[in-house]
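Written out below as structure tokens is the structure these notes cover.
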Amino acid sequence: MSVRFQSLLGLGIGLNFPVSPIYVSVIYIASVSLILWVGLGIYLAITGGLKPRRLLRGLSVILLVVAPTQVAGIFLKGLRLPRADRFE
């Protein structure tokens with residue numbers, strides 16, 4: 001992860017419990033969706049099919065498929081915390 005992305009995620013870590021995981025999830029999903037959308041735009045531009053309708057269709061597929069799977073992955077995998085005995 002880049003330093004800028006880590007600092008952006010770090011802003012949400014200090015928040016209270018319900019807000020912190022939601023903040024981190026939204027930032028993570030937005031960054032993954034943005035990367036995929038840019039990749040889709042580059043692909044459509046290279047293949048000659050760059051039209052707003054195709055781009056928006058790809059965006060809707062990204063949001064409908066990627067976002068739920070990323071949220072499920074974040075919450076099912078869990079947050080790994082360091083062991084308490086290491087801090088003694």
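In the structure tokens, the first chain shown is A, the next is B, and so on; residue numbers restart at 1 for each chain, and ligands run from 1 in the order shown.
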Residue contacts of segment 59-76 of chain A (10 Å, only C-alpha atoms) excluding same-chain residues fewer than 3 positions away, as a PyMOL selection string: chain A and resi 21-22+24-26+28-30+32-34+36-38+40-41+53-56+79
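Interatomic distance, atom CA of Ile27 of chain A to atom CA of Pro52 of chain A: 25.1 Å.
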Those of segment 2-57 of chain A in DSSP helix (DSSP H, G or I), formatted as JSON, numbers by chain: {"A": [3, 4, 5, 6, 7, 8, 9, 10, 11, 12, 13, 19, 20, 21, 22, 23, 24, 25, 26, 27, 28, 29, 30, 31, 32, 33, 34, 35, 36, 37, 38, 39, 40, 41, 42, 43, 44, 45, 46, 47, 52, 53, 54, 55, 56, 57]}
Could you take the residues named above and write them with N, CA and C atoms, as a CSV table (one decimal), in the first residue's frame?
```csv
chain,number,residue,atom,x,y,z
A,3,VAL,N,1.8,5.2,0.8
A,3,VAL,CA,1.8,6.0,2.1
A,3,VAL,C,0.5,6.8,2.1
A,4,ARG,N,0.1,7.4,0.9
A,4,ARG,CA,-1.1,8.2,0.9
A,4,ARG,C,-2.3,7.4,1.2
A,5,PHE,N,-2.4,6.2,0.7
A,5,PHE,CA,-3.5,5.3,1.0
A,5,PHE,C,-3.6,4.9,2.4
A,6,GLN,N,-2.4,4.6,3.0
A,6,GLN,CA,-2.3,4.2,4.4
A,6,GLN,C,-2.8,5.4,5.3
A,7,SER,N,-2.4,6.6,4.9
A,7,SER,CA,-2.8,7.7,5.8
A,7,SER,C,-4.3,8.0,5.7
A,8,LEU,N,-4.8,7.7,4.5
A,8,LEU,CA,-6.3,7.9,4.3
A,8,LEU,C,-7.0,6.9,5.1
A,9,LEU,N,-6.5,5.6,5.1
A,9,LEU,CA,-7.2,4.6,6.0
A,9,LEU,C,-6.9,4.9,7.4
A,10,GLY,N,-5.8,5.5,7.8
A,10,GLY,CA,-5.5,5.8,9.2
A,10,GLY,C,-6.4,6.8,9.8
A,11,LEU,N,-7.0,7.6,8.9
A,11,LEU,CA,-8.0,8.6,9.5
A,11,LEU,C,-9.2,7.9,10.1
A,12,GLY,N,-9.6,6.8,9.5
A,12,GLY,CA,-10.8,6.1,10.0
A,12,GLY,C,-10.5,5.2,11.1
A,13,ILE,N,-9.3,4.8,11.4
A,13,ILE,CA,-9.0,3.9,12.4
A,13,ILE,C,-9.2,4.4,13.8
A,19,VAL,N,-18.4,3.3,13.1
A,19,VAL,CA,-18.0,4.2,12.0
A,19,VAL,C,-16.7,3.7,11.4
A,20,SER,N,-15.8,3.2,12.2
A,20,SER,CA,-14.5,2.9,11.7
A,20,SER,C,-14.5,1.8,10.6
A,21,PRO,N,-15.1,0.6,10.9
A,21,PRO,CA,-15.1,-0.4,9.8
A,21,PRO,C,-15.9,0.1,8.5
A,22,ILE,N,-16.9,0.8,8.7
A,22,ILE,CA,-17.7,1.3,7.6
A,22,ILE,C,-16.8,2.3,6.8
A,23,TYR,N,-16.1,3.2,7.4
A,23,TYR,CA,-15.2,4.1,6.8
A,23,TYR,C,-14.1,3.4,6.0
A,24,VAL,N,-13.4,2.4,6.6
A,24,VAL,CA,-12.4,1.7,6.0
A,24,VAL,C,-12.9,0.9,4.8
A,25,SER,N,-14.1,0.3,5.0
A,25,SER,CA,-14.7,-0.5,3.9
A,25,SER,C,-15.0,0.4,2.7
A,26,VAL,N,-15.6,1.5,2.9
A,26,VAL,CA,-16.0,2.4,1.8
A,26,VAL,C,-14.7,2.9,1.1
A,27,ILE,N,-13.7,3.3,1.8
A,27,ILE,CA,-12.5,3.8,1.1
A,27,ILE,C,-11.8,2.6,0.3
A,28,TYR,N,-11.8,1.4,0.9
A,28,TYR,CA,-11.2,0.3,0.2
A,28,TYR,C,-12.0,-0.1,-1.0
A,29,ILE,N,-13.3,-0.2,-0.9
A,29,ILE,CA,-14.1,-0.5,-2.1
A,29,ILE,C,-14.1,0.6,-3.1
A,30,ALA,N,-14.1,1.8,-2.7
A,30,ALA,CA,-14.0,2.9,-3.7
A,30,ALA,C,-12.7,2.9,-4.5
A,31,SER,N,-11.6,2.6,-3.8
A,31,SER,CA,-10.3,2.5,-4.5
A,31,SER,C,-10.2,1.3,-5.5
A,32,VAL,N,-10.7,0.2,-5.0
A,32,VAL,CA,-10.7,-1.0,-5.9
A,32,VAL,C,-11.6,-0.7,-7.1
A,33,SER,N,-12.8,-0.2,-6.9
A,33,SER,CA,-13.7,0.1,-8.0
A,33,SER,C,-13.2,1.2,-9.0
A,34,LEU,N,-12.5,2.2,-8.4
A,34,LEU,CA,-11.8,3.2,-9.3
A,34,LEU,C,-10.8,2.5,-10.2
A,35,ILE,N,-9.9,1.7,-9.6
A,35,ILE,CA,-8.9,1.0,-10.4
A,35,ILE,C,-9.5,0.1,-11.5
A,36,LEU,N,-10.6,-0.6,-11.1
A,36,LEU,CA,-11.2,-1.4,-12.1
A,36,LEU,C,-11.9,-0.6,-13.2
A,37,TRP,N,-12.5,0.5,-12.8
A,37,TRP,CA,-13.2,1.4,-13.8
A,37,TRP,C,-12.2,2.0,-14.8
A,38,VAL,N,-11.0,2.4,-14.3
A,38,VAL,CA,-10.0,3.0,-15.1
A,38,VAL,C,-9.5,1.9,-16.1
A,39,GLY,N,-9.3,0.7,-15.5
A,39,GLY,CA,-8.9,-0.4,-16.4
A,39,GLY,C,-9.9,-0.7,-17.5
A,40,LEU,N,-11.1,-0.7,-17.1
A,40,LEU,CA,-12.2,-0.9,-18.1
A,40,LEU,C,-12.2,0.2,-19.2
A,41,GLY,N,-12.0,1.4,-18.8
A,41,GLY,CA,-11.9,2.5,-19.7
A,41,GLY,C,-10.7,2.4,-20.7
A,42,ILE,N,-9.6,2.0,-20.1
A,42,ILE,CA,-8.4,1.8,-21.0
A,42,ILE,C,-8.6,0.7,-22.0
A,43,TYR,N,-9.2,-0.4,-21.5
A,43,TYR,CA,-9.5,-1.6,-22.4
A,43,TYR,C,-10.5,-1.2,-23.5
A,44,LEU,N,-11.5,-0.4,-23.1
A,44,LEU,CA,-12.5,0.0,-24.2
A,44,LEU,C,-11.9,1.0,-25.1
A,45,ALA,N,-11.0,1.8,-24.7
A,45,ALA,CA,-10.3,2.8,-25.5
A,45,ALA,C,-9.4,2.1,-26.5
A,46,ILE,N,-8.7,1.0,-26.0
A,46,ILE,CA,-7.8,0.3,-26.9
A,46,ILE,C,-8.5,-0.5,-27.9
A,47,THR,N,-9.6,-1.1,-27.5
A,47,THR,CA,-10.4,-2.0,-28.5
A,47,THR,C,-11.3,-1.1,-29.4
A,52,PRO,N,-20.0,6.0,-23.9
A,52,PRO,CA,-20.5,6.2,-22.5
A,52,PRO,C,-21.4,5.1,-22.1
A,53,ARG,N,-22.2,4.5,-23.0
A,53,ARG,CA,-23.2,3.5,-22.6
A,53,ARG,C,-22.4,2.2,-22.1
A,54,ARG,N,-21.4,1.8,-22.8
A,54,ARG,CA,-20.6,0.7,-22.4
A,54,ARG,C,-19.8,0.9,-21.2
A,55,LEU,N,-19.3,2.1,-21.0
A,55,LEU,CA,-18.6,2.5,-19.8
A,55,LEU,C,-19.5,2.4,-18.6
A,56,LEU,N,-20.7,3.0,-18.7
A,56,LEU,CA,-21.6,3.0,-17.6
A,56,LEU,C,-22.1,1.6,-17.3
A,57,ARG,N,-22.3,0.7,-18.3
A,57,ARG,CA,-22.7,-0.7,-18.1
A,57,ARG,C,-21.6,-1.4,-17.3
```
